[in-house]
>>> print(open('run_18.txt').read())   # compact mmCIF, N, CA and C atoms
# COMPACT_ATOMS: atom_id res chain seq x y z
N MET A 1243 11.28 -33.08 -7.50
CA MET A 1243 12.03 -32.51 -6.40
C MET A 1243 12.94 -33.57 -5.79
N THR A 1244 14.06 -33.12 -5.36
CA THR A 1244 14.99 -34.04 -4.72
C THR A 1244 14.61 -34.22 -3.26
N ALA A 1245 15.14 -35.24 -2.66
CA ALA A 1245 14.87 -35.53 -1.25
C ALA A 1245 15.33 -34.38 -0.36
N ALA A 1246 16.43 -33.72 -0.73
CA ALA A 1246 16.95 -32.61 0.09
C ALA A 1246 15.96 -31.45 0.10
N TRP A 1247 15.37 -31.16 -1.06
CA TRP A 1247 14.38 -30.07 -1.12
C TRP A 1247 13.15 -30.41 -0.30
N LEU A 1248 12.69 -31.64 -0.39
CA LEU A 1248 11.52 -32.06 0.38
C LEU A 1248 11.80 -31.98 1.87
N LEU A 1249 13.00 -32.38 2.30
CA LEU A 1249 13.37 -32.30 3.71
C LEU A 1249 13.42 -30.85 4.17
N LEU A 1250 13.97 -29.96 3.36
CA LEU A 1250 14.03 -28.54 3.69
C LEU A 1250 12.63 -27.95 3.80
N ALA A 1251 11.76 -28.28 2.86
CA ALA A 1251 10.38 -27.78 2.90
C ALA A 1251 9.65 -28.26 4.14
N ALA A 1252 9.80 -29.52 4.50
CA ALA A 1252 9.16 -30.07 5.69
C ALA A 1252 9.70 -29.41 6.95
N THR A 1253 10.99 -29.16 6.99
CA THR A 1253 11.60 -28.51 8.16
C THR A 1253 11.06 -27.09 8.32
N LEU A 1254 10.96 -26.35 7.24
CA LEU A 1254 10.43 -24.99 7.32
C LEU A 1254 8.99 -24.96 7.79
N LEU A 1255 8.21 -25.96 7.40
CA LEU A 1255 6.82 -26.02 7.83
C LEU A 1255 6.69 -26.29 9.33
N LEU A 1256 7.65 -27.02 9.88
CA LEU A 1256 7.59 -27.39 11.29
C LEU A 1256 8.21 -26.35 12.22
N LEU A 1257 9.04 -25.47 11.69
CA LEU A 1257 9.69 -24.46 12.53
C LEU A 1257 8.69 -23.40 12.98
N PRO A 1258 8.65 -23.10 14.29
CA PRO A 1258 7.78 -22.01 14.72
C PRO A 1258 8.30 -20.70 14.13
N GLY A 1259 7.41 -19.89 13.64
CA GLY A 1259 7.82 -18.61 13.07
C GLY A 1259 8.22 -18.69 11.61
N ALA A 1260 8.18 -19.88 11.02
CA ALA A 1260 8.57 -20.00 9.62
C ALA A 1260 7.62 -19.23 8.72
N VAL A 1261 6.36 -19.16 9.11
CA VAL A 1261 5.38 -18.41 8.31
C VAL A 1261 5.74 -16.94 8.31
N ALA A 1262 6.16 -16.43 9.46
CA ALA A 1262 6.54 -15.02 9.55
C ALA A 1262 7.75 -14.74 8.67
N LEU A 1263 8.65 -15.70 8.58
CA LEU A 1263 9.83 -15.51 7.73
C LEU A 1263 9.44 -15.52 6.26
N ALA A 1264 8.46 -16.34 5.92
CA ALA A 1264 8.09 -16.48 4.52
C ALA A 1264 7.21 -15.33 4.03
N SER A 1265 6.45 -14.73 4.95
CA SER A 1265 5.55 -13.67 4.50
C SER A 1265 6.20 -12.31 4.62
N ASP A 1266 5.86 -11.45 3.68
CA ASP A 1266 6.38 -10.09 3.68
C ASP A 1266 5.20 -9.16 3.44
N ASN A 1267 4.23 -9.22 4.36
CA ASN A 1267 3.01 -8.44 4.19
C ASN A 1267 3.28 -6.95 4.33
N LYS A 1268 2.57 -6.19 3.52
CA LYS A 1268 2.78 -4.74 3.46
C LYS A 1268 1.72 -4.00 4.28
N LYS A 1269 2.08 -2.81 4.72
CA LYS A 1269 1.18 -1.97 5.48
C LYS A 1269 0.21 -1.24 4.55
N ALA A 1270 -0.87 -0.73 5.13
CA ALA A 1270 -1.86 0.03 4.36
C ALA A 1270 -1.18 1.20 3.66
N GLY A 1271 -1.57 1.44 2.42
CA GLY A 1271 -0.99 2.51 1.62
C GLY A 1271 0.15 2.07 0.74
N SER A 1272 0.62 0.83 0.95
CA SER A 1272 1.70 0.29 0.12
C SER A 1272 1.13 -0.31 -1.15
N GLU A 1273 1.90 -0.25 -2.22
CA GLU A 1273 1.48 -0.83 -3.49
C GLU A 1273 1.44 -2.35 -3.36
N CYS A 1274 0.43 -2.98 -3.96
CA CYS A 1274 0.27 -4.43 -3.87
C CYS A 1274 -0.27 -4.97 -5.20
N LEU A 1275 -0.30 -6.30 -5.30
CA LEU A 1275 -0.87 -6.95 -6.48
C LEU A 1275 -2.11 -7.76 -6.12
N ILE A 1276 -2.05 -8.49 -4.98
CA ILE A 1276 -3.16 -9.33 -4.55
C ILE A 1276 -3.39 -9.13 -3.06
N ASP A 1277 -4.56 -9.57 -2.57
CA ASP A 1277 -4.92 -9.38 -1.17
C ASP A 1277 -3.88 -9.90 -0.20
N THR A 1278 -3.29 -11.05 -0.49
CA THR A 1278 -2.34 -11.64 0.46
C THR A 1278 -1.03 -10.87 0.56
N ASP A 1279 -0.82 -9.87 -0.30
CA ASP A 1279 0.36 -9.02 -0.17
C ASP A 1279 0.24 -8.10 1.05
N CYS A 1280 -0.97 -7.90 1.54
CA CYS A 1280 -1.25 -6.90 2.57
C CYS A 1280 -1.46 -7.52 3.95
N GLU A 1281 -1.08 -6.78 4.99
CA GLU A 1281 -1.27 -7.22 6.37
C GLU A 1281 -2.72 -7.60 6.65
N ASP A 1282 -3.64 -6.80 6.14
CA ASP A 1282 -5.06 -7.02 6.41
C ASP A 1282 -5.79 -7.70 5.26
N ASN A 1283 -5.02 -8.26 4.32
CA ASN A 1283 -5.58 -9.00 3.18
C ASN A 1283 -6.59 -8.20 2.37
N ARG A 1284 -6.31 -6.91 2.18
CA ARG A 1284 -7.18 -6.06 1.36
C ARG A 1284 -6.33 -5.24 0.41
N CYS A 1285 -6.30 -5.62 -0.84
CA CYS A 1285 -5.56 -4.93 -1.89
C CYS A 1285 -6.59 -4.45 -2.91
N SER A 1286 -6.73 -3.14 -3.04
CA SER A 1286 -7.78 -2.58 -3.90
C SER A 1286 -7.22 -1.62 -4.94
N PRO A 1287 -7.90 -1.52 -6.08
CA PRO A 1287 -7.45 -0.58 -7.12
C PRO A 1287 -7.68 0.87 -6.73
N TYR A 1288 -6.83 1.74 -7.27
CA TYR A 1288 -6.92 3.18 -7.05
C TYR A 1288 -7.01 3.82 -8.44
N PRO A 1289 -7.61 4.99 -8.56
CA PRO A 1289 -7.78 5.61 -9.89
C PRO A 1289 -6.49 5.87 -10.67
N ASP A 1290 -5.31 5.79 -10.04
CA ASP A 1290 -4.06 6.00 -10.78
C ASP A 1290 -3.63 4.76 -11.55
N GLY A 1291 -4.45 3.69 -11.47
CA GLY A 1291 -4.15 2.46 -12.20
C GLY A 1291 -3.38 1.43 -11.40
N LYS A 1292 -2.95 1.78 -10.20
CA LYS A 1292 -2.21 0.85 -9.34
C LYS A 1292 -3.14 0.35 -8.25
N ARG A 1293 -2.66 -0.63 -7.47
CA ARG A 1293 -3.42 -1.19 -6.35
C ARG A 1293 -2.66 -0.93 -5.06
N TYR A 1294 -3.40 -0.67 -3.98
CA TYR A 1294 -2.80 -0.35 -2.69
C TYR A 1294 -3.51 -1.10 -1.57
N CYS A 1295 -2.76 -1.40 -0.49
CA CYS A 1295 -3.31 -2.05 0.69
C CYS A 1295 -4.23 -1.09 1.43
N VAL A 1296 -5.34 -1.63 1.97
CA VAL A 1296 -6.34 -0.83 2.67
C VAL A 1296 -6.42 -1.30 4.13
N ALA A 1297 -6.45 -0.34 5.06
CA ALA A 1297 -6.55 -0.65 6.49
C ALA A 1297 -7.99 -0.97 6.87
N PRO A 1298 -8.18 -1.71 7.97
CA PRO A 1298 -9.54 -1.97 8.44
C PRO A 1298 -10.23 -0.64 8.77
N GLY A 1299 -11.51 -0.58 8.52
CA GLY A 1299 -12.27 0.64 8.79
C GLY A 1299 -12.26 1.64 7.66
N LYS A 1300 -11.47 1.40 6.64
CA LYS A 1300 -11.44 2.29 5.47
C LYS A 1300 -12.17 1.61 4.31
N THR A 1301 -12.73 2.40 3.44
CA THR A 1301 -13.55 1.88 2.35
C THR A 1301 -12.75 1.67 1.07
N CYS A 1302 -11.87 2.61 0.74
CA CYS A 1302 -11.12 2.56 -0.52
C CYS A 1302 -9.63 2.68 -0.27
N SER A 1303 -8.85 2.31 -1.26
CA SER A 1303 -7.39 2.40 -1.16
C SER A 1303 -6.92 3.84 -1.37
N ALA A 1304 -5.73 4.13 -0.87
CA ALA A 1304 -5.10 5.44 -1.06
C ALA A 1304 -3.60 5.26 -0.91
N PRO A 1305 -2.81 5.73 -1.87
CA PRO A 1305 -1.36 5.57 -1.78
C PRO A 1305 -0.77 6.33 -0.60
N GLY A 1306 0.06 5.64 0.19
CA GLY A 1306 0.75 6.28 1.31
C GLY A 1306 -0.13 6.61 2.49
N ALA A 1307 -1.34 6.06 2.54
CA ALA A 1307 -2.27 6.34 3.65
C ALA A 1307 -3.02 5.05 4.01
N ASP A 1308 -3.72 5.09 5.15
CA ASP A 1308 -4.50 3.92 5.57
C ASP A 1308 -5.59 3.57 4.57
N GLY A 1309 -6.10 4.57 3.89
CA GLY A 1309 -7.18 4.37 2.94
C GLY A 1309 -8.05 5.60 2.93
N ALA A 1310 -9.20 5.48 2.30
CA ALA A 1310 -10.12 6.62 2.19
C ALA A 1310 -11.50 6.21 2.66
N SER A 1311 -12.22 7.17 3.21
CA SER A 1311 -13.61 6.98 3.61
C SER A 1311 -14.49 7.42 2.45
N PRO A 1312 -15.76 7.03 2.46
CA PRO A 1312 -16.65 7.44 1.37
C PRO A 1312 -16.65 8.96 1.16
N GLY A 1313 -16.61 9.37 -0.09
CA GLY A 1313 -16.61 10.78 -0.43
C GLY A 1313 -15.88 11.02 -1.73
N LYS A 1314 -15.83 12.28 -2.15
CA LYS A 1314 -15.19 12.65 -3.42
C LYS A 1314 -13.76 13.12 -3.21
N GLN A 1315 -12.93 12.88 -4.22
CA GLN A 1315 -11.52 13.26 -4.16
C GLN A 1315 -11.01 13.46 -5.58
N ALA A 1316 -10.17 14.47 -5.78
CA ALA A 1316 -9.57 14.70 -7.09
C ALA A 1316 -8.29 13.88 -7.21
N VAL A 1317 -8.17 13.14 -8.29
CA VAL A 1317 -6.96 12.35 -8.57
C VAL A 1317 -6.47 12.80 -9.94
N LYS A 1318 -5.30 13.43 -9.95
CA LYS A 1318 -4.72 13.97 -11.18
C LYS A 1318 -5.70 14.90 -11.89
N GLY A 1319 -6.41 15.70 -11.10
CA GLY A 1319 -7.32 16.69 -11.64
C GLY A 1319 -8.69 16.16 -12.08
N VAL A 1320 -8.96 14.89 -11.82
CA VAL A 1320 -10.23 14.29 -12.21
C VAL A 1320 -10.97 13.87 -10.94
N CYS A 1321 -12.27 14.12 -10.89
CA CYS A 1321 -13.07 13.80 -9.72
C CYS A 1321 -13.40 12.30 -9.67
N PHE A 1322 -13.12 11.68 -8.51
CA PHE A 1322 -13.48 10.29 -8.25
C PHE A 1322 -14.21 10.23 -6.92
N GLU A 1323 -15.06 9.22 -6.77
CA GLU A 1323 -15.84 9.07 -5.55
C GLU A 1323 -15.59 7.69 -4.96
N CYS A 1324 -15.29 7.66 -3.66
CA CYS A 1324 -15.12 6.41 -2.93
C CYS A 1324 -16.51 5.99 -2.46
N VAL A 1325 -16.97 4.83 -2.92
CA VAL A 1325 -18.32 4.35 -2.60
C VAL A 1325 -18.22 3.03 -1.86
N ARG A 1326 -18.88 2.97 -0.70
CA ARG A 1326 -18.87 1.74 0.12
C ARG A 1326 -19.41 0.57 -0.70
N GLY A 1327 -18.67 -0.53 -0.70
CA GLY A 1327 -19.08 -1.73 -1.43
C GLY A 1327 -18.72 -1.73 -2.90
N MET A 1328 -18.27 -0.59 -3.42
CA MET A 1328 -17.92 -0.50 -4.84
C MET A 1328 -16.48 -0.07 -5.08
N GLY A 1329 -15.91 0.67 -4.15
CA GLY A 1329 -14.57 1.21 -4.35
C GLY A 1329 -14.63 2.54 -5.08
N TRP A 1330 -13.56 2.86 -5.81
CA TRP A 1330 -13.48 4.13 -6.53
C TRP A 1330 -14.28 4.07 -7.82
N ARG A 1331 -14.98 5.17 -8.13
CA ARG A 1331 -15.65 5.31 -9.42
C ARG A 1331 -15.61 6.78 -9.82
N ALA A 1332 -15.71 7.03 -11.10
CA ALA A 1332 -15.72 8.41 -11.58
C ALA A 1332 -16.95 9.11 -11.03
N CYS A 1333 -16.80 10.38 -10.68
CA CYS A 1333 -17.93 11.16 -10.18
C CYS A 1333 -19.00 11.26 -11.26
N PRO A 1334 -20.25 11.15 -10.86
CA PRO A 1334 -21.30 11.34 -11.86
C PRO A 1334 -21.26 12.77 -12.36
N SER A 1335 -21.40 12.94 -13.65
CA SER A 1335 -21.33 14.29 -14.21
C SER A 1335 -22.67 14.98 -14.01
N ALA A 1336 -22.61 16.27 -13.70
CA ALA A 1336 -23.82 17.06 -13.51
C ALA A 1336 -24.37 17.44 -14.88
N PRO A 1337 -25.68 17.54 -15.01
CA PRO A 1337 -26.23 17.95 -16.31
C PRO A 1337 -25.83 19.38 -16.64
N ALA A 1338 -25.53 19.61 -17.88
CA ALA A 1338 -25.12 20.94 -18.31
C ALA A 1338 -26.32 21.87 -18.36
N THR A 1339 -26.14 23.07 -17.84
CA THR A 1339 -27.21 24.06 -17.93
C THR A 1339 -26.64 25.30 -18.59
N THR A 1340 -27.42 25.87 -19.46
CA THR A 1340 -26.94 27.06 -20.18
C THR A 1340 -27.80 28.27 -19.89
N GLY A 1341 -28.65 28.17 -18.91
CA GLY A 1341 -29.53 29.30 -18.58
C GLY A 1341 -30.90 28.78 -18.20
N ALA A 1342 -31.86 29.69 -18.19
CA ALA A 1342 -33.21 29.31 -17.82
C ALA A 1342 -33.80 28.36 -18.86
N VAL A 1343 -34.48 27.36 -18.37
CA VAL A 1343 -35.10 26.39 -19.26
C VAL A 1343 -36.54 26.80 -19.47
N ARG A 1344 -36.91 26.90 -20.74
CA ARG A 1344 -38.30 27.28 -21.07
C ARG A 1344 -39.00 26.11 -21.69
N PRO A 1345 -40.25 25.91 -21.33
CA PRO A 1345 -40.98 24.80 -21.95
C PRO A 1345 -41.21 25.08 -23.43
N THR A 1346 -41.34 24.02 -24.17
CA THR A 1346 -41.62 24.13 -25.59
C THR A 1346 -43.08 24.57 -25.75
N GLU A 1347 -43.30 25.57 -26.59
CA GLU A 1347 -44.66 26.08 -26.82
C GLU A 1347 -45.19 25.53 -28.13
N THR A 1348 -46.46 25.19 -28.12
CA THR A 1348 -47.11 24.75 -29.34
C THR A 1348 -48.30 25.68 -29.59
N ARG A 1349 -48.41 26.17 -30.79
CA ARG A 1349 -49.50 27.07 -31.14
C ARG A 1349 -50.34 26.48 -32.27
N ASN A 1350 -51.60 26.70 -32.13
CA ASN A 1350 -52.49 26.29 -33.23
C ASN A 1350 -52.58 27.42 -34.23
N ARG A 1351 -52.45 27.14 -35.48
CA ARG A 1351 -52.55 28.18 -36.50
C ARG A 1351 -53.66 27.89 -37.44
>>> encode(input="run_18.txt", output="structure tokens")
Amino acid sequence: MTAAWLLLAATLLLLPGAVALASDNKKAGSECLIDTDCEDNRCSPYPDGKRYCVAPGKTCSAPGADGASPGKQAVKGVCFECVRGMGWRACPSAPATTGAVRPTETRNR
């Protein structure tokens, strides 16, 4: 680095408000890549394959919103569940039932 660049960097560090100029933090519901992209330092994955900023008090990310609370939600026609401490996960599938279940009988012949 040249002396001019070092002087510019040092000046920016000493200016009040320089951090605000350098940061471009996004609001909850905005697309992000890492935690520091967000105002509240929470960037979480969403079932659509992208990551979004999450507001305080919310458990999971949600595009264009503060976030989601624990519970189930359909994303592109597929059921996902927001779970505290885990984030989004696919809904557990219910066991298939085809009618009344009868016990297996064994006969002595």
>>> atom_distance(input="run_18.txt", atom1="CA of Ala1307 (chain A)", atom2="CA of Asp1282 (chain A)")
13.9 Å
>>> closest_residue(input="run_18.txt", among="A:Pro1289, A:Pro1334, A:Pro1305, A:Gly1271", to="Val1317 (chain A)", atoms="all atoms listed in the file")
A:Pro1289
>>> residues_near_point(input="run_18.txt", point="(-5.6, -1.7, 2.5)", cutoff="5 Å", atoms="only N, CA and C atoms", output="list in words")
Ala1270, Arg1284, Tyr1294, Cys1295, Val1296 and Ala1297 of chain A
>>> residues_near_point(input="run_18.txt", point="(-5.3, 1.4, -0.1)", cutoff="12 Å", atoms="only C-alpha atoms", output="PyMOL selection string")
chain A and resi 1268-1277+1279-1290+1292-1311+1324+1329-1330
>>> write_last_selection(input="run_18.txt", atoms="N, CA and C atoms", output="CSV table (one decimal), in the coordinates of the input")
chain,number,residue,atom,x,y,z
A,1268,LYS,N,2.6,-6.2,3.5
A,1268,LYS,CA,2.8,-4.7,3.5
A,1268,LYS,C,1.7,-4.0,4.3
A,1269,LYS,N,2.1,-2.8,4.7
A,1269,LYS,CA,1.2,-2.0,5.5
A,1269,LYS,C,0.2,-1.2,4.6
A,1270,ALA,N,-0.9,-0.7,5.1
A,1270,ALA,CA,-1.9,0.0,4.4
A,1270,ALA,C,-1.2,1.2,3.7
A,1271,GLY,N,-1.6,1.4,2.4
A,1271,GLY,CA,-1.0,2.5,1.6
A,1271,GLY,C,0.2,2.1,0.7
A,1272,SER,N,0.6,0.8,1.0
A,1272,SER,CA,1.7,0.3,0.1
A,1272,SER,C,1.1,-0.3,-1.2
A,1273,GLU,N,1.9,-0.2,-2.2
A,1273,GLU,CA,1.5,-0.8,-3.5
A,1273,GLU,C,1.4,-2.4,-3.4
A,1274,CYS,N,0.4,-3.0,-4.0
A,1274,CYS,CA,0.3,-4.4,-3.9
A,1274,CYS,C,-0.3,-5.0,-5.2
A,1275,LEU,N,-0.3,-6.3,-5.3
A,1275,LEU,CA,-0.9,-7.0,-6.5
A,1275,LEU,C,-2.1,-7.8,-6.1
A,1276,ILE,N,-2.0,-8.5,-5.0
A,1276,ILE,CA,-3.2,-9.3,-4.6
A,1276,ILE,C,-3.4,-9.1,-3.1
A,1277,ASP,N,-4.6,-9.6,-2.6
A,1277,ASP,CA,-4.9,-9.4,-1.2
A,1277,ASP,C,-3.9,-9.9,-0.2
A,1279,ASP,N,-0.8,-9.9,-0.3
A,1279,ASP,CA,0.4,-9.0,-0.2
A,1279,ASP,C,0.2,-8.1,1.0
A,1280,CYS,N,-1.0,-7.9,1.5
A,1280,CYS,CA,-1.2,-6.9,2.6
A,1280,CYS,C,-1.5,-7.5,4.0
A,1281,GLU,N,-1.1,-6.8,5.0
A,1281,GLU,CA,-1.3,-7.2,6.4
A,1281,GLU,C,-2.7,-7.6,6.6
A,1282,ASP,N,-3.6,-6.8,6.1
A,1282,ASP,CA,-5.1,-7.0,6.4
A,1282,ASP,C,-5.8,-7.7,5.3
A,1283,ASN,N,-5.0,-8.3,4.3
A,1283,ASN,CA,-5.6,-9.0,3.2
A,1283,ASN,C,-6.6,-8.2,2.4
A,1284,ARG,N,-6.3,-6.9,2.2
A,1284,ARG,CA,-7.2,-6.1,1.4
A,1284,ARG,C,-6.3,-5.2,0.4
A,1285,CYS,N,-6.3,-5.6,-0.8
A,1285,CYS,CA,-5.6,-4.9,-1.9
A,1285,CYS,C,-6.6,-4.4,-2.9
A,1286,SER,N,-6.7,-3.1,-3.0
A,1286,SER,CA,-7.8,-2.6,-3.9
A,1286,SER,C,-7.2,-1.6,-4.9
A,1287,PRO,N,-7.9,-1.5,-6.1
A,1287,PRO,CA,-7.4,-0.6,-7.1
A,1287,PRO,C,-7.7,0.9,-6.7
A,1288,TYR,N,-6.8,1.7,-7.3
A,1288,TYR,CA,-6.9,3.2,-7.0
A,1288,TYR,C,-7.0,3.8,-8.4
A,1289,PRO,N,-7.6,5.0,-8.6
A,1289,PRO,CA,-7.8,5.6,-9.9
A,1289,PRO,C,-6.5,5.9,-10.7
A,1290,ASP,N,-5.3,5.8,-10.0
A,1290,ASP,CA,-4.1,6.0,-10.8
A,1290,ASP,C,-3.6,4.8,-11.6
A,1292,LYS,N,-3.0,1.8,-10.2
A,1292,LYS,CA,-2.2,0.8,-9.3
A,1292,LYS,C,-3.1,0.4,-8.2
A,1293,ARG,N,-2.7,-0.6,-7.5
A,1293,ARG,CA,-3.4,-1.2,-6.4
A,1293,ARG,C,-2.7,-0.9,-5.1
A,1294,TYR,N,-3.4,-0.7,-4.0
A,1294,TYR,CA,-2.8,-0.4,-2.7
A,1294,TYR,C,-3.5,-1.1,-1.6
A,1295,CYS,N,-2.8,-1.4,-0.5
A,1295,CYS,CA,-3.3,-2.0,0.7
A,1295,CYS,C,-4.2,-1.1,1.4
A,1296,VAL,N,-5.3,-1.6,2.0
A,1296,VAL,CA,-6.3,-0.8,2.7
A,1296,VAL,C,-6.4,-1.3,4.1
A,1297,ALA,N,-6.4,-0.3,5.1
A,1297,ALA,CA,-6.6,-0.6,6.5
A,1297,ALA,C,-8.0,-1.0,6.9
A,1298,PRO,N,-8.2,-1.7,8.0
A,1298,PRO,CA,-9.5,-2.0,8.4
A,1298,PRO,C,-10.2,-0.6,8.8
A,1299,GLY,N,-11.5,-0.6,8.5
A,1299,GLY,CA,-12.3,0.6,8.8
A,1299,GLY,C,-12.3,1.6,7.7
A,1300,LYS,N,-11.5,1.4,6.6
A,1300,LYS,CA,-11.4,2.3,5.5
A,1300,LYS,C,-12.2,1.6,4.3
A,1301,THR,N,-12.7,2.4,3.4
A,1301,THR,CA,-13.6,1.9,2.4
A,1301,THR,C,-12.8,1.7,1.1
A,1302,CYS,N,-11.9,2.6,0.7
A,1302,CYS,CA,-11.1,2.6,-0.5
A,1302,CYS,C,-9.6,2.7,-0.3
A,1303,SER,N,-8.8,2.3,-1.3
A,1303,SER,CA,-7.4,2.4,-1.2
A,1303,SER,C,-6.9,3.8,-1.4
A,1304,ALA,N,-5.7,4.1,-0.9
A,1304,ALA,CA,-5.1,5.4,-1.1
A,1304,ALA,C,-3.6,5.3,-0.9
A,1305,PRO,N,-2.8,5.7,-1.9
A,1305,PRO,CA,-1.4,5.6,-1.8
A,1305,PRO,C,-0.8,6.3,-0.6
A,1306,GLY,N,0.1,5.6,0.2
A,1306,GLY,CA,0.8,6.3,1.3
A,1306,GLY,C,-0.1,6.6,2.5
A,1307,ALA,N,-1.3,6.1,2.5
A,1307,ALA,CA,-2.3,6.3,3.6
A,1307,ALA,C,-3.0,5.0,4.0
A,1308,ASP,N,-3.7,5.1,5.2
A,1308,ASP,CA,-4.5,3.9,5.6
A,1308,ASP,C,-5.6,3.6,4.6
A,1309,GLY,N,-6.1,4.6,3.9
A,1309,GLY,CA,-7.2,4.4,2.9
A,1309,GLY,C,-8.0,5.6,2.9
A,1310,ALA,N,-9.2,5.5,2.3
A,1310,ALA,CA,-10.1,6.6,2.2
A,1310,ALA,C,-11.5,6.2,2.7
A,1311,SER,N,-12.2,7.2,3.2
A,1311,SER,CA,-13.6,7.0,3.6
A,1311,SER,C,-14.5,7.4,2.4
A,1324,CYS,N,-15.3,7.7,-3.7
A,1324,CYS,CA,-15.1,6.4,-2.9
A,1324,CYS,C,-16.5,6.0,-2.5
A,1329,GLY,N,-15.9,0.7,-4.2
A,1329,GLY,CA,-14.6,1.2,-4.4
A,1329,GLY,C,-14.6,2.5,-5.1
A,1330,TRP,N,-13.6,2.9,-5.8
A,1330,TRP,CA,-13.5,4.1,-6.5
A,1330,TRP,C,-14.3,4.1,-7.8
>>> residues_around(input="run_18.txt", residues="Lys1314 (chain A)", least_positions_apart="5", cutoff="8 Å", atoms="all atoms listed in the file", output="VMD selection string")
chain A and resid 1321 to 1325 1333
>>> write_last_selection(input="run_18.txt", atoms="N, CA and C atoms", output="PDB file, in the coordinates of the input")
ATOM      1  N   CYS A1321     -12.270  14.120 -10.890  1.00  0.00           N
ATOM      2  CA  CYS A1321     -13.070  13.800  -9.720  1.00  0.00           C
ATOM      3  C   CYS A1321     -13.400  12.300  -9.670  1.00  0.00           C
ATOM      4  N   PHE A1322     -13.120  11.680  -8.510  1.00  0.00           N
ATOM      5  CA  PHE A1322     -13.480  10.290  -8.250  1.00  0.00           C
ATOM      6  C   PHE A1322     -14.210  10.230  -6.920  1.00  0.00           C
ATOM      7  N   GLU A1323     -15.060   9.220  -6.770  1.00  0.00           N
ATOM      8  CA  GLU A1323     -15.840   9.070  -5.550  1.00  0.00           C
ATOM      9  C   GLU A1323     -15.590   7.690  -4.960  1.00  0.00           C
ATOM     10  N   CYS A1324     -15.290   7.660  -3.660  1.00  0.00           N
ATOM     11  CA  CYS A1324     -15.120   6.410  -2.930  1.00  0.00           C
ATOM     12  C   CYS A1324     -16.510   5.990  -2.460  1.00  0.00           C
ATOM     13  N   VAL A1325     -16.970   4.830  -2.920  1.00  0.00           N
ATOM     14  CA  VAL A1325     -18.320   4.350  -2.600  1.00  0.00           C
ATOM     15  C   VAL A1325     -18.220   3.030  -1.860  1.00  0.00           C
ATOM     16  N   CYS A1333     -16.800  10.380 -10.680  1.00  0.00           N
ATOM     17  CA  CYS A1333     -17.930  11.160 -10.180  1.00  0.00           C
ATOM     18  C   CYS A1333     -19.000  11.260 -11.260  1.00  0.00           C
TER      19      CYS A1333
END
